[in-house]
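*Asks:* One structure is given below, represented as structure tokens, and several questions about it will come after.
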Amino acid sequence: MLDRNDARHADAAGWARVKLRLIHWLLCLYPLVWRARYADEYAALLEEITWTPWNLADIVLGALDARLHPLPLYATSGRVSSMSAAARRLRAAEIAIFCAFAGFVVSYISFQRLTDPSAPFDAVANAHLDVFLAYQGVQAGMYLALTAVMVAGFPVAFVAVRQAWMARQWDVVRLFATPIILTALFLGYTAALSLRTNTGSLHPNTFNIILLLGWILFAGLYGVVSAITISVGVARTTFAGRVLRYALIPGVVAILGMLLSLVSGIVWGVRLFIVAPQIYGGFGGACASAGCLGPRGDIGMGSLAVDLTLMAISTLMALAALLWGFGARGRARGGANSGAAAEVALA
Amino acid sequence: MGTERDTPEATGGDLGDLGRFSDPSLLILASLAAGPKHGYAMMEDIEQMTGVRLGPGTLYGALSRLEQRRLIEPLASEDRRRPYRLTGLGARALREQLTSLESFASTGLERLGQAGALG
């Protein structure tokens with residue numbers, strides 16, 4: 001009698017496992033954007049119903065219908081978002097980290113211009129290992145942060161574009177297409193400018209000055225517009241919690257990279273002031289750098305202070321967003337919905 | 001709830017253009033008229049009310065369309081089951097559909113009565 005009960009329990013447990021596996025496979029028939037919104041509650045329903053061939057056929061037909069009629073689900077009710085509050089907070093935190101990183105890149109580029117031309121700085125770096133290492137730290141931190149942002153950003157962008165494409169959300173697709181088009185235009189502009197420089201035709205006349213200023217303006221617009229369109233595109237996408245939680249880890253690495261770059265920049269500035277005070281060209285403003293005003297081989301104290309302050313503000317903003325996002329990380333399990341089934345379905 | 005601009009017609013409250021989902025949609029709206037319910041409770045309630053057992057694919061096909069048209073809205077999920085409730089717009093759409101059906105039924109019955117009198 002006991003053996004028969006044990007066998008019955010084993011059968012029931014076995015069927016429960018088979019049923020969960022079957023639900024997982026059936027959910028995979030549905031489009032990703034549909035699963036991001038409904039998988040969790042749908043899986044809960046499928047666990048409750050009696051399994052009949054008619055129900056099975058109905059589920060398959062439902063999947064076919066969902067694929068034939070994709071819905072713009074990010075706007076489903078207009079009042080109640082399909083993402084949980086915690087997942088939305090995580091998404092907002094990641095967008096804030098991305099924007100802070102974009103600000104950091106601007107200050108980093110400005111920092112790079114301080115040491116252009118690099119010959120006088122190379123001479124100091126060759127004579128003082130700590131100055132050399134500090135400068136390398138600025139570069140290494142930036143590359144680390146950039147790599148981490150790309151590692152986090154590409155899967156997020158891929159999910160967002162794929163969902164938007166499947167749900168025919170052309171406005172979101174256009175938002176992500178904008179930085180790609182701008183990149184192509186920017187590369188084209190830069191290549192044309194490089195060609196003029198290499199062929200020696202970049203004389204300081206009005207046309208070339210306009211060309212150069214246009215490039216600087218375009219570079220600025222390219223950065224700002226790209227950061228805004230990507231941020232808005234991500235903000236309009238419904239993500240599974242798994243994707244958002246994944247992106248937070250490279251986010252931590254990116255902030256560590258920014259911190260490394262910032263601290264190295266401060267050390268570099270201080271050490272340079274101690275070992276080679278002659279290299280500072282005074283306390284000029286943000287544009288009083290060698291790179292901006294010509295090959296003087298010195299830097300403005302004000303320029304360095306502005307760049308380091310901007311880097312510090314960006315890093316602090318990213319750090320604050322990260323801490324804010326981490327508060328929601330545990331609660332965002334499931335993301336689009338609140339359980340594990342959506343995770344399984346989206347795996 | 002619906003604003004003045006959110007008339008059933010303006011936002012797609014007419015269930016007729018939902019194709020094979022129009023009947024299940026009406027059943028869902030009628031079920032939610034009694035209060036918020038999650039998917040399985042709706043299936044049970046509809047079966048009890050009409051004898052029709054909606055399949056899970058049909059139920060969620062209709063639910064997503066109704067939500068899209070703002071005739072129903074999701075509430076915070078209980079465990080993993082998410083309840084839905086009727087919106088003001090949904091209530092108006094349901095009332096219009098039922099009134100239309102009532103008029104159709106009474107006309108049909110009236111004609112049947114006349115046919116019976118003739119027969």
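By convention in this document, the chains of the structure tokens carry letters A, B, ... by their order, each chain's residues are numbered from 1, and ligands are numbered from 1 in the order they are shown.
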Sorted by chain and rising residue number, list the residues of chain B at most 8 Å from chain A (counting only C-alpha atoms), each with its closest atom pair and distance in Å to one decimal, as CSV.
*Replies:*
residue,atom,partner,partner_atom,distance
B:Gly39,CA,A:Leu45,CA,6.4
B:Tyr40,CA,A:Leu45,CA,5.8
B:Gly55,CA,A:Asn55,CA,5.5
B:Pro56,CA,A:Ile59,CA,6.1
B:Gly57,CA,A:Gly62,CA,4.2
B:Thr58,CA,A:Gly62,CA,6.1
B:Tyr60,CA,A:Gly62,CA,7.6
B:Gly61,CA,A:Gly62,CA,6.2
B:Glu67,CA,A:Ser77,CA,5.8
B:Gln68,CA,A:Thr76,CA,4.9
B:Arg69,CA,A:Ser77,CA,7.7
B:Arg70,CA,A:Ser77,CA,5.6
B:Ile72,CA,A:Ser77,CA,8.0
B:Glu73,CA,A:Ser77,CA,6.1
B:Pro74,CA,A:Val80,CA,6.8
B:Leu75,CA,A:Val80,CA,7.6
B:Ser77,CA,A:Ser338,CA,7.6
B:Asp79,CA,A:Gly339,CA,7.7
B:Arg80,CA,A:Glu41,CA,5.4
B:Arg81,CA,A:Glu41,CA,4.9
B:Arg82,CA,A:Glu41,CA,5.9
*Asks:* Give me a file of those residues, with N, CA, C and O atoms, as a PDB file, in the first residue's frame.
*Replies:*
ATOM      1  N   GLY B  39      -6.766  35.024 -14.633  1.00  0.00           N
ATOM      2  CA  GLY B  39      -7.130  34.186 -15.776  1.00  0.00           C
ATOM      3  C   GLY B  39      -7.932  32.942 -15.444  1.00  0.00           C
ATOM      4  O   GLY B  39      -8.997  32.706 -16.027  1.00  0.00           O
ATOM      5  N   TYR B  40      -7.433  32.173 -14.469  1.00  0.00           N
ATOM      6  CA  TYR B  40      -8.100  30.895 -14.169  1.00  0.00           C
ATOM      7  C   TYR B  40      -9.498  31.142 -13.595  1.00  0.00           C
ATOM      8  O   TYR B  40     -10.461  30.443 -13.943  1.00  0.00           O
ATOM      9  N   GLY B  55     -10.333  28.264 -23.917  1.00  0.00           N
ATOM     10  CA  GLY B  55      -8.978  27.707 -23.885  1.00  0.00           C
ATOM     11  C   GLY B  55      -8.006  28.790 -23.435  1.00  0.00           C
ATOM     12  O   GLY B  55      -8.297  29.987 -23.594  1.00  0.00           O
ATOM     13  N   PRO B  56      -6.830  28.401 -22.877  1.00  0.00           N
ATOM     14  CA  PRO B  56      -5.889  29.423 -22.375  1.00  0.00           C
ATOM     15  C   PRO B  56      -5.371  30.358 -23.472  1.00  0.00           C
ATOM     16  O   PRO B  56      -5.217  31.559 -23.227  1.00  0.00           O
ATOM     17  N   GLY B  57      -5.150  29.816 -24.670  1.00  0.00           N
ATOM     18  CA  GLY B  57      -4.666  30.655 -25.772  1.00  0.00           C
ATOM     19  C   GLY B  57      -5.709  31.671 -26.192  1.00  0.00           C
ATOM     20  O   GLY B  57      -5.400  32.848 -26.438  1.00  0.00           O
ATOM     21  N   THR B  58      -6.956  31.232 -26.229  1.00  0.00           N
ATOM     22  CA  THR B  58      -8.058  32.132 -26.599  1.00  0.00           C
ATOM     23  C   THR B  58      -8.239  33.202 -25.528  1.00  0.00           C
ATOM     24  O   THR B  58      -8.419  34.382 -25.831  1.00  0.00           O
ATOM     25  N   TYR B  60      -6.042  34.457 -23.380  1.00  0.00           N
ATOM     26  CA  TYR B  60      -4.997  35.488 -23.367  1.00  0.00           C
ATOM     27  C   TYR B  60      -4.947  36.284 -24.669  1.00  0.00           C
ATOM     28  O   TYR B  60      -4.535  37.449 -24.650  1.00  0.00           O
ATOM     29  N   GLY B  61      -5.386  35.653 -25.766  1.00  0.00           N
ATOM     30  CA  GLY B  61      -5.507  36.418 -27.023  1.00  0.00           C
ATOM     31  C   GLY B  61      -6.513  37.538 -26.861  1.00  0.00           C
ATOM     32  O   GLY B  61      -6.296  38.678 -27.266  1.00  0.00           O
ATOM     33  N   GLU B  67      -6.923  44.653 -23.234  1.00  0.00           N
ATOM     34  CA  GLU B  67      -6.012  45.549 -22.520  1.00  0.00           C
ATOM     35  C   GLU B  67      -5.488  46.629 -23.465  1.00  0.00           C
ATOM     36  O   GLU B  67      -5.384  47.801 -23.095  1.00  0.00           O
ATOM     37  N   GLN B  68      -5.184  46.204 -24.675  1.00  0.00           N
ATOM     38  CA  GLN B  68      -4.706  47.133 -25.704  1.00  0.00           C
ATOM     39  C   GLN B  68      -5.731  48.240 -25.964  1.00  0.00           C
ATOM     40  O   GLN B  68      -5.374  49.389 -26.181  1.00  0.00           O
ATOM     41  N   ARG B  69      -6.998  47.861 -25.929  1.00  0.00           N
ATOM     42  CA  ARG B  69      -8.074  48.840 -26.187  1.00  0.00           C
ATOM     43  C   ARG B  69      -8.523  49.550 -24.920  1.00  0.00           C
ATOM     44  O   ARG B  69      -9.528  50.269 -24.929  1.00  0.00           O
ATOM     45  N   ARG B  70      -7.847  49.291 -23.835  1.00  0.00           N
ATOM     46  CA  ARG B  70      -8.143  49.940 -22.552  1.00  0.00           C
ATOM     47  C   ARG B  70      -9.538  49.617 -22.027  1.00  0.00           C
ATOM     48  O   ARG B  70     -10.158  50.424 -21.342  1.00  0.00           O
ATOM     49  N   ILE B  72      -9.988  46.772 -20.340  1.00  0.00           N
ATOM     50  CA  ILE B  72      -9.660  46.191 -19.027  1.00  0.00           C
ATOM     51  C   ILE B  72      -8.268  46.693 -18.654  1.00  0.00           C
ATOM     52  O   ILE B  72      -7.546  47.201 -19.513  1.00  0.00           O
ATOM     53  N   GLU B  73      -7.926  46.543 -17.374  1.00  0.00           N
ATOM     54  CA  GLU B  73      -6.563  46.927 -16.972  1.00  0.00           C
ATOM     55  C   GLU B  73      -6.034  45.950 -15.936  1.00  0.00           C
ATOM     56  O   GLU B  73      -6.797  45.409 -15.130  1.00  0.00           O
ATOM     57  N   PRO B  74      -4.709  45.714 -15.992  1.00  0.00           N
ATOM     58  CA  PRO B  74      -4.128  44.768 -15.029  1.00  0.00           C
ATOM     59  C   PRO B  74      -3.956  45.413 -13.665  1.00  0.00           C
ATOM     60  O   PRO B  74      -3.739  46.617 -13.567  1.00  0.00           O
ATOM     61  N   LEU B  75      -4.055  44.604 -12.645  1.00  0.00           N
ATOM     62  CA  LEU B  75      -3.785  45.073 -11.279  1.00  0.00           C
ATOM     63  C   LEU B  75      -2.463  44.456 -10.830  1.00  0.00           C
ATOM     64  O   LEU B  75      -1.883  43.640 -11.551  1.00  0.00           O
ATOM     65  N   SER B  77       0.124  42.007  -9.408  1.00  0.00           N
ATOM     66  CA  SER B  77      -0.037  40.550  -9.424  1.00  0.00           C
ATOM     67  C   SER B  77      -0.050  39.974  -8.008  1.00  0.00           C
ATOM     68  O   SER B  77       0.642  40.448  -7.119  1.00  0.00           O
ATOM     69  N   ASP B  79       0.936  36.848  -6.116  1.00  0.00           N
ATOM     70  CA  ASP B  79       1.846  35.751  -6.417  1.00  0.00           C
ATOM     71  C   ASP B  79       2.246  35.915  -7.876  1.00  0.00           C
ATOM     72  O   ASP B  79       2.708  36.965  -8.277  1.00  0.00           O
ATOM     73  N   ARG B  80       1.986  34.935  -8.740  1.00  0.00           N
ATOM     74  CA  ARG B  80       2.293  35.143 -10.162  1.00  0.00           C
ATOM     75  C   ARG B  80       1.029  35.400 -10.969  1.00  0.00           C
ATOM     76  O   ARG B  80       1.094  35.707 -12.143  1.00  0.00           O
ATOM     77  N   ARG B  81      -0.132  35.229 -10.338  1.00  0.00           N
ATOM     78  CA  ARG B  81      -1.401  35.402 -11.066  1.00  0.00           C
ATOM     79  C   ARG B  81      -1.786  36.873 -11.055  1.00  0.00           C
ATOM     80  O   ARG B  81      -1.862  37.482  -9.995  1.00  0.00           O
ATOM     81  N   ARG B  82      -2.013  37.413 -12.245  1.00  0.00           N
ATOM     82  CA  ARG B  82      -2.336  38.849 -12.311  1.00  0.00           C
ATOM     83  C   ARG B  82      -3.834  39.047 -12.532  1.00  0.00           C
ATOM     84  O   ARG B  82      -4.376  38.594 -13.539  1.00  0.00           O
TER      85      ARG B  82
END
*Asks:* Write down as a PDB file with all heavy atoms, in the first residue's frame the residues of chain B whose backbone DSSP state falls under strand (DSSP E or B).
*Replies:*
ATOM      1  N   LYS B  37     -10.644  39.679 -11.594  1.00  0.00           N
ATOM      2  CA  LYS B  37     -10.342  38.234 -11.565  1.00  0.00           C
ATOM      3  C   LYS B  37      -9.050  37.972 -12.328  1.00  0.00           C
ATOM      4  O   LYS B  37      -8.738  38.685 -13.283  1.00  0.00           O
ATOM      5  CB  LYS B  37     -11.451  37.431 -12.263  1.00  0.00           C
ATOM      6  CG  LYS B  37     -12.723  37.321 -11.483  1.00  0.00           C
ATOM      7  CD  LYS B  37     -13.750  36.492 -12.249  1.00  0.00           C
ATOM      8  CE  LYS B  37     -15.115  36.647 -11.616  1.00  0.00           C
ATOM      9  NZ  LYS B  37     -15.675  37.996 -11.770  1.00  0.00           N
ATOM     10  N   ILE B  72      -9.988  46.772 -20.340  1.00  0.00           N
ATOM     11  CA  ILE B  72      -9.660  46.191 -19.027  1.00  0.00           C
ATOM     12  C   ILE B  72      -8.268  46.693 -18.654  1.00  0.00           C
ATOM     13  O   ILE B  72      -7.546  47.201 -19.513  1.00  0.00           O
ATOM     14  CB  ILE B  72      -9.650  44.642 -19.064  1.00  0.00           C
ATOM     15  CG1 ILE B  72      -8.593  44.118 -20.045  1.00  0.00           C
ATOM     16  CG2 ILE B  72     -11.017  44.087 -19.408  1.00  0.00           C
ATOM     17  CD1 ILE B  72      -8.351  42.626 -19.938  1.00  0.00           C
ATOM     18  N   GLU B  73      -7.926  46.543 -17.374  1.00  0.00           N
ATOM     19  CA  GLU B  73      -6.563  46.927 -16.972  1.00  0.00           C
ATOM     20  C   GLU B  73      -6.034  45.950 -15.936  1.00  0.00           C
ATOM     21  O   GLU B  73      -6.797  45.409 -15.130  1.00  0.00           O
ATOM     22  CB  GLU B  73      -6.524  48.363 -16.453  1.00  0.00           C
ATOM     23  CG  GLU B  73      -7.346  48.614 -15.224  1.00  0.00           C
ATOM     24  CD  GLU B  73      -7.392  50.100 -14.863  1.00  0.00           C
ATOM     25  OE1 GLU B  73      -6.838  50.917 -15.611  1.00  0.00           O
ATOM     26  OE2 GLU B  73      -7.985  50.410 -13.825  1.00  0.00           O
ATOM     27  N   PRO B  74      -4.709  45.714 -15.992  1.00  0.00           N
ATOM     28  CA  PRO B  74      -4.128  44.768 -15.029  1.00  0.00           C
ATOM     29  C   PRO B  74      -3.956  45.413 -13.665  1.00  0.00           C
ATOM     30  O   PRO B  74      -3.739  46.617 -13.567  1.00  0.00           O
ATOM     31  CB  PRO B  74      -2.769  44.445 -15.654  1.00  0.00           C
ATOM     32  CG  PRO B  74      -2.423  45.634 -16.469  1.00  0.00           C
ATOM     33  CD  PRO B  74      -3.707  46.274 -16.906  1.00  0.00           C
ATOM     34  N   GLU B  78      -0.887  38.958  -7.849  1.00  0.00           N
ATOM     35  CA  GLU B  78      -0.953  38.235  -6.577  1.00  0.00           C
ATOM     36  C   GLU B  78      -0.152  36.971  -6.807  1.00  0.00           C
ATOM     37  O   GLU B  78      -0.569  36.120  -7.583  1.00  0.00           O
ATOM     38  CB  GLU B  78      -2.405  37.854  -6.262  1.00  0.00           C
ATOM     39  CG  GLU B  78      -3.336  39.043  -6.148  1.00  0.00           C
ATOM     40  CD  GLU B  78      -4.794  38.620  -6.220  1.00  0.00           C
ATOM     41  OE1 GLU B  78      -5.080  37.457  -6.604  1.00  0.00           O
ATOM     42  OE2 GLU B  78      -5.645  39.447  -5.909  1.00  0.00           O
ATOM     43  N   ARG B  81      -0.132  35.229 -10.338  1.00  0.00           N
ATOM     44  CA  ARG B  81      -1.401  35.402 -11.066  1.00  0.00           C
ATOM     45  C   ARG B  81      -1.786  36.873 -11.055  1.00  0.00           C
ATOM     46  O   ARG B  81      -1.862  37.482  -9.995  1.00  0.00           O
ATOM     47  CB  ARG B  81      -2.484  34.544 -10.411  1.00  0.00           C
ATOM     48  CG  ARG B  81      -2.108  33.073 -10.404  1.00  0.00           C
ATOM     49  CD  ARG B  81      -3.194  32.195  -9.886  1.00  0.00           C
ATOM     50  NE  ARG B  81      -3.611  32.515  -8.522  1.00  0.00           N
ATOM     51  CZ  ARG B  81      -4.541  31.837  -7.856  1.00  0.00           C
ATOM     52  NH1 ARG B  81      -5.138  30.823  -8.427  1.00  0.00           N
ATOM     53  NH2 ARG B  81      -4.858  32.171  -6.634  1.00  0.00           N
ATOM     54  N   TYR B  84      -7.265  41.175 -13.403  1.00  0.00           N
ATOM     55  CA  TYR B  84      -7.651  42.265 -14.302  1.00  0.00           C
ATOM     56  C   TYR B  84      -8.982  42.823 -13.828  1.00  0.00           C
ATOM     57  O   TYR B  84      -9.770  42.114 -13.197  1.00  0.00           O
ATOM     58  CB  TYR B  84      -7.805  41.744 -15.737  1.00  0.00           C
ATOM     59  CG  TYR B  84      -6.494  41.375 -16.372  1.00  0.00           C
ATOM     60  CD1 TYR B  84      -5.935  40.123 -16.170  1.00  0.00           C
ATOM     61  CD2 TYR B  84      -5.804  42.288 -17.158  1.00  0.00           C
ATOM     62  CE1 TYR B  84      -4.714  39.783 -16.730  1.00  0.00           C
ATOM     63  CE2 TYR B  84      -4.590  41.963 -17.734  1.00  0.00           C
ATOM     64  CZ  TYR B  84      -4.042  40.707 -17.516  1.00  0.00           C
ATOM     65  OH  TYR B  84      -2.834  40.388 -18.068  1.00  0.00           O
ATOM     66  N   ARG B  85      -9.202  44.085 -14.166  1.00  0.00           N
ATOM     67  CA  ARG B  85     -10.504  44.666 -13.835  1.00  0.00           C
ATOM     68  C   ARG B  85     -11.020  45.456 -15.038  1.00  0.00           C
ATOM     69  O   ARG B  85     -10.238  45.886 -15.888  1.00  0.00           O
ATOM     70  CB  ARG B  85     -10.424  45.539 -12.591  1.00  0.00           C
ATOM     71  CG  ARG B  85      -9.776  46.870 -12.822  1.00  0.00           C
ATOM     72  CD  ARG B  85      -9.905  47.761 -11.609  1.00  0.00           C
ATOM     73  NE  ARG B  85      -9.028  48.904 -11.744  1.00  0.00           N
ATOM     74  CZ  ARG B  85      -8.517  49.570 -10.732  1.00  0.00           C
ATOM     75  NH1 ARG B  85      -8.760  49.186  -9.500  1.00  0.00           N
ATOM     76  NH2 ARG B  85      -7.736  50.611 -10.929  1.00  0.00           N
ATOM     77  N   LEU B  86     -12.325  45.649 -15.007  1.00  0.00           N
ATOM     78  CA  LEU B  86     -12.990  46.396 -16.071  1.00  0.00           C
ATOM     79  C   LEU B  86     -12.669  47.888 -15.910  1.00  0.00           C
ATOM     80  O   LEU B  86     -12.674  48.391 -14.799  1.00  0.00           O
ATOM     81  CB  LEU B  86     -14.493  46.157 -15.883  1.00  0.00           C
ATOM     82  CG  LEU B  86     -15.431  46.205 -17.082  1.00  0.00           C
ATOM     83  CD1 LEU B  86     -15.005  45.219 -18.141  1.00  0.00           C
ATOM     84  CD2 LEU B  86     -16.855  45.907 -16.621  1.00  0.00           C
TER      85      LEU B  86
END
*Asks:* Name the residues in contact with segment 21-35 of chain B at a cut-off of 10 Å, using only C-alpha atoms, excluding same-chain residues fewer than 6 positions from it; report them as a PyMOL selection string.
*Replies:* chain B and resi 14-15+41-47+49-50+52-55+58-66+71-72+83-87+90-91+93-95+97-98
*Asks:* Using the selection just defined, write its residues with N, CA and C atoms as an mmCIF file, in the first residue's frame.
*Replies:*
data_model
loop_
_atom_site.group_PDB
_atom_site.id
_atom_site.type_symbol
_atom_site.label_atom_id
_atom_site.label_comp_id
_atom_site.auth_asym_id
_atom_site.auth_seq_id
_atom_site.Cartn_x
_atom_site.Cartn_y
_atom_site.Cartn_z
ATOM 1 N N ASP B 14 -15.878 48.781 -29.801
ATOM 2 C CA ASP B 14 -16.727 47.872 -30.572
ATOM 3 C C ASP B 14 -16.000 46.535 -30.679
ATOM 4 N N LEU B 15 -16.606 45.493 -30.133
ATOM 5 C CA LEU B 15 -15.930 44.195 -30.090
ATOM 6 C C LEU B 15 -16.058 43.426 -31.397
ATOM 7 N N ALA B 41 -9.615 32.177 -12.732
ATOM 8 C CA ALA B 41 -10.929 32.505 -12.150
ATOM 9 C C ALA B 41 -11.908 32.932 -13.243
ATOM 10 N N MET B 42 -11.394 33.643 -14.248
ATOM 11 C CA MET B 42 -12.257 34.043 -15.372
ATOM 12 C C MET B 42 -12.759 32.813 -16.117
ATOM 13 N N MET B 43 -11.849 31.863 -16.383
ATOM 14 C CA MET B 43 -12.237 30.638 -17.105
ATOM 15 C C MET B 43 -13.340 29.894 -16.351
ATOM 16 N N GLU B 44 -13.148 29.794 -15.051
ATOM 17 C CA GLU B 44 -14.124 29.088 -14.210
ATOM 18 C C GLU B 44 -15.478 29.818 -14.214
ATOM 19 N N ASP B 45 -15.389 31.152 -14.026
ATOM 20 C CA ASP B 45 -16.601 31.961 -13.935
ATOM 21 C C ASP B 45 -17.387 31.914 -15.250
ATOM 22 N N ILE B 46 -16.658 32.011 -16.364
ATOM 23 C CA ILE B 46 -17.320 31.999 -17.685
ATOM 24 C C ILE B 46 -17.987 30.643 -17.933
ATOM 25 N N GLU B 47 -17.300 29.589 -17.513
ATOM 26 C CA GLU B 47 -17.879 28.247 -17.702
ATOM 27 C C GLU B 47 -19.159 28.094 -16.873
ATOM 28 N N MET B 49 -21.058 30.543 -15.899
ATOM 29 C CA MET B 49 -22.068 31.490 -16.369
ATOM 30 C C MET B 49 -22.707 31.036 -17.676
ATOM 31 N N THR B 50 -21.901 30.474 -18.574
ATOM 32 C CA THR B 50 -22.401 30.193 -19.927
ATOM 33 C C THR B 50 -22.249 28.750 -20.381
ATOM 34 N N VAL B 52 -19.501 27.687 -21.453
ATOM 35 C CA VAL B 52 -18.394 27.716 -22.425
ATOM 36 C C VAL B 52 -17.071 27.701 -21.667
ATOM 37 N N ARG B 53 -16.178 26.796 -22.047
ATOM 38 C CA ARG B 53 -14.854 26.736 -21.413
ATOM 39 C C ARG B 53 -13.845 27.341 -22.383
ATOM 40 N N LEU B 54 -13.334 28.516 -22.042
ATOM 41 C CA LEU B 54 -12.346 29.153 -22.932
ATOM 42 C C LEU B 54 -11.009 28.446 -22.802
ATOM 43 N N GLY B 55 -10.333 28.264 -23.917
ATOM 44 C CA GLY B 55 -8.978 27.707 -23.885
ATOM 45 C C GLY B 55 -8.006 28.790 -23.435
ATOM 46 N N THR B 58 -6.956 31.232 -26.229
ATOM 47 C CA THR B 58 -8.058 32.132 -26.599
ATOM 48 C C THR B 58 -8.239 33.202 -25.528
ATOM 49 N N LEU B 59 -8.174 32.759 -24.252
ATOM 50 C CA LEU B 59 -8.356 33.703 -23.144
ATOM 51 C C LEU B 59 -7.316 34.823 -23.213
ATOM 52 N N TYR B 60 -6.042 34.457 -23.380
ATOM 53 C CA TYR B 60 -4.997 35.488 -23.367
ATOM 54 C C TYR B 60 -4.947 36.284 -24.669
ATOM 55 N N GLY B 61 -5.386 35.653 -25.766
ATOM 56 C CA GLY B 61 -5.507 36.418 -27.023
ATOM 57 C C GLY B 61 -6.513 37.538 -26.861
ATOM 58 N N ALA B 62 -7.645 37.208 -26.211
ATOM 59 C CA ALA B 62 -8.691 38.211 -25.984
ATOM 60 C C ALA B 62 -8.265 39.220 -24.920
ATOM 61 N N LEU B 63 -7.614 38.723 -23.844
ATOM 62 C CA LEU B 63 -7.178 39.630 -22.767
ATOM 63 C C LEU B 63 -6.221 40.697 -23.283
ATOM 64 N N SER B 64 -5.257 40.256 -24.126
ATOM 65 C CA SER B 64 -4.273 41.233 -24.626
ATOM 66 C C SER B 64 -4.946 42.277 -25.509
ATOM 67 N N ARG B 65 -5.935 41.849 -26.277
ATOM 68 C CA ARG B 65 -6.649 42.809 -27.137
ATOM 69 C C ARG B 65 -7.496 43.783 -26.300
ATOM 70 N N LEU B 66 -8.132 43.249 -25.280
ATOM 71 C CA LEU B 66 -8.959 44.115 -24.425
ATOM 72 C C LEU B 66 -8.093 45.124 -23.668
ATOM 73 N N LEU B 71 -10.037 48.463 -22.393
ATOM 74 C CA LEU B 71 -11.351 48.051 -21.887
ATOM 75 C C LEU B 71 -11.188 47.330 -20.543
ATOM 76 N N ILE B 72 -9.988 46.772 -20.340
ATOM 77 C CA ILE B 72 -9.660 46.191 -19.027
ATOM 78 C C ILE B 72 -8.268 46.693 -18.654
ATOM 79 N N PRO B 83 -4.494 39.711 -11.597
ATOM 80 C CA PRO B 83 -5.925 39.990 -11.807
ATOM 81 C C PRO B 83 -6.129 41.167 -12.769
ATOM 82 N N TYR B 84 -7.265 41.175 -13.403
ATOM 83 C CA TYR B 84 -7.651 42.265 -14.302
ATOM 84 C C TYR B 84 -8.982 42.823 -13.828
ATOM 85 N N ARG B 85 -9.202 44.085 -14.166
ATOM 86 C CA ARG B 85 -10.504 44.666 -13.835
ATOM 87 C C ARG B 85 -11.020 45.456 -15.038
ATOM 88 N N LEU B 86 -12.325 45.649 -15.007
ATOM 89 C CA LEU B 86 -12.990 46.396 -16.071
ATOM 90 C C LEU B 86 -12.669 47.888 -15.910
ATOM 91 N N THR B 87 -12.409 48.582 -16.996
ATOM 92 C CA THR B 87 -12.251 50.044 -16.917
ATOM 93 C C THR B 87 -13.633 50.679 -17.149
ATOM 94 N N GLY B 90 -14.504 49.982 -20.585
ATOM 95 C CA GLY B 90 -14.922 48.592 -20.762
ATOM 96 C C GLY B 90 -16.352 48.381 -20.310
ATOM 97 N N ALA B 91 -16.697 49.031 -19.189
ATOM 98 C CA ALA B 91 -18.069 48.896 -18.668
ATOM 99 C C ALA B 91 -19.068 49.465 -19.670
ATOM 100 N N ALA B 93 -18.569 49.782 -22.947
ATOM 101 C CA ALA B 93 -18.583 48.904 -24.129
ATOM 102 C C ALA B 93 -19.441 47.672 -23.861
ATOM 103 N N LEU B 94 -19.300 47.108 -22.653
ATOM 104 C CA LEU B 94 -20.081 45.928 -22.284
ATOM 105 C C LEU B 94 -21.572 46.268 -22.263
ATOM 106 N N ARG B 95 -21.885 47.427 -21.679
ATOM 107 C CA ARG B 95 -23.295 47.833 -21.603
ATOM 108 C C ARG B 95 -23.880 47.958 -23.014
ATOM 109 N N GLN B 97 -22.879 46.507 -25.770
ATOM 110 C CA GLN B 97 -22.982 45.188 -26.400
ATOM 111 C C GLN B 97 -24.201 44.427 -25.865
ATOM 112 N N LEU B 98 -24.354 44.476 -24.540
ATOM 113 C CA LEU B 98 -25.468 43.734 -23.922
ATOM 114 C C LEU B 98 -26.816 44.351 -24.300
#
*Asks:* Considering only C-alpha atoms, return as a list of chain:residue names whatever protein or nucleic-acid residues lie within 12 Å of Leu211 of chain A, sequence-local ones (same chain, fewer than 3 positions apart) excluded.
*Replies:* A:Tyr189, A:Thr190, A:Ala192, A:Leu193, A:Ser194, A:Arg196, A:Thr197, A:Leu202, A:His203, A:Pro204, A:Asn205, A:Thr206, A:Phe207, A:Asn208, A:Gly214, A:Trp215, A:Ile216, A:Leu217, A:Phe218
*Asks:* Report as a ChimeraX atom specification all protein, DNA and RNA residues lying within 10 Å of segment 157-162 of chain A, evaluated on only C-alpha atoms, omitting residues in the same chain fewer than 4 positions from it.
*Replies:* /A:32-33,150,152-153,166-170,172-177,230-231,233-240,243
*Asks:* To one decimal in Å, tell me the separation between atom CA of Gly257 of chain A and atom CA of Phe101 of chain A.
*Replies:* 10.3 Å
*Asks:* Show which residues sit within 12 Å of Asp130 of chain A, as a PyMOL selection string. Count only C-alpha atoms, and ignore same-chain residues fewer than 6 positions away.
*Replies:* chain A and resi 124+136-137+264-265+267-272+274-275
*Asks:* Just checking: using only C-alpha atoms, which residue out of B:Ala76, B:Leu18, B:Ala115, B:Leu89 ends up closest to Pro36 of chain B?
*Replies:* B:Ala76
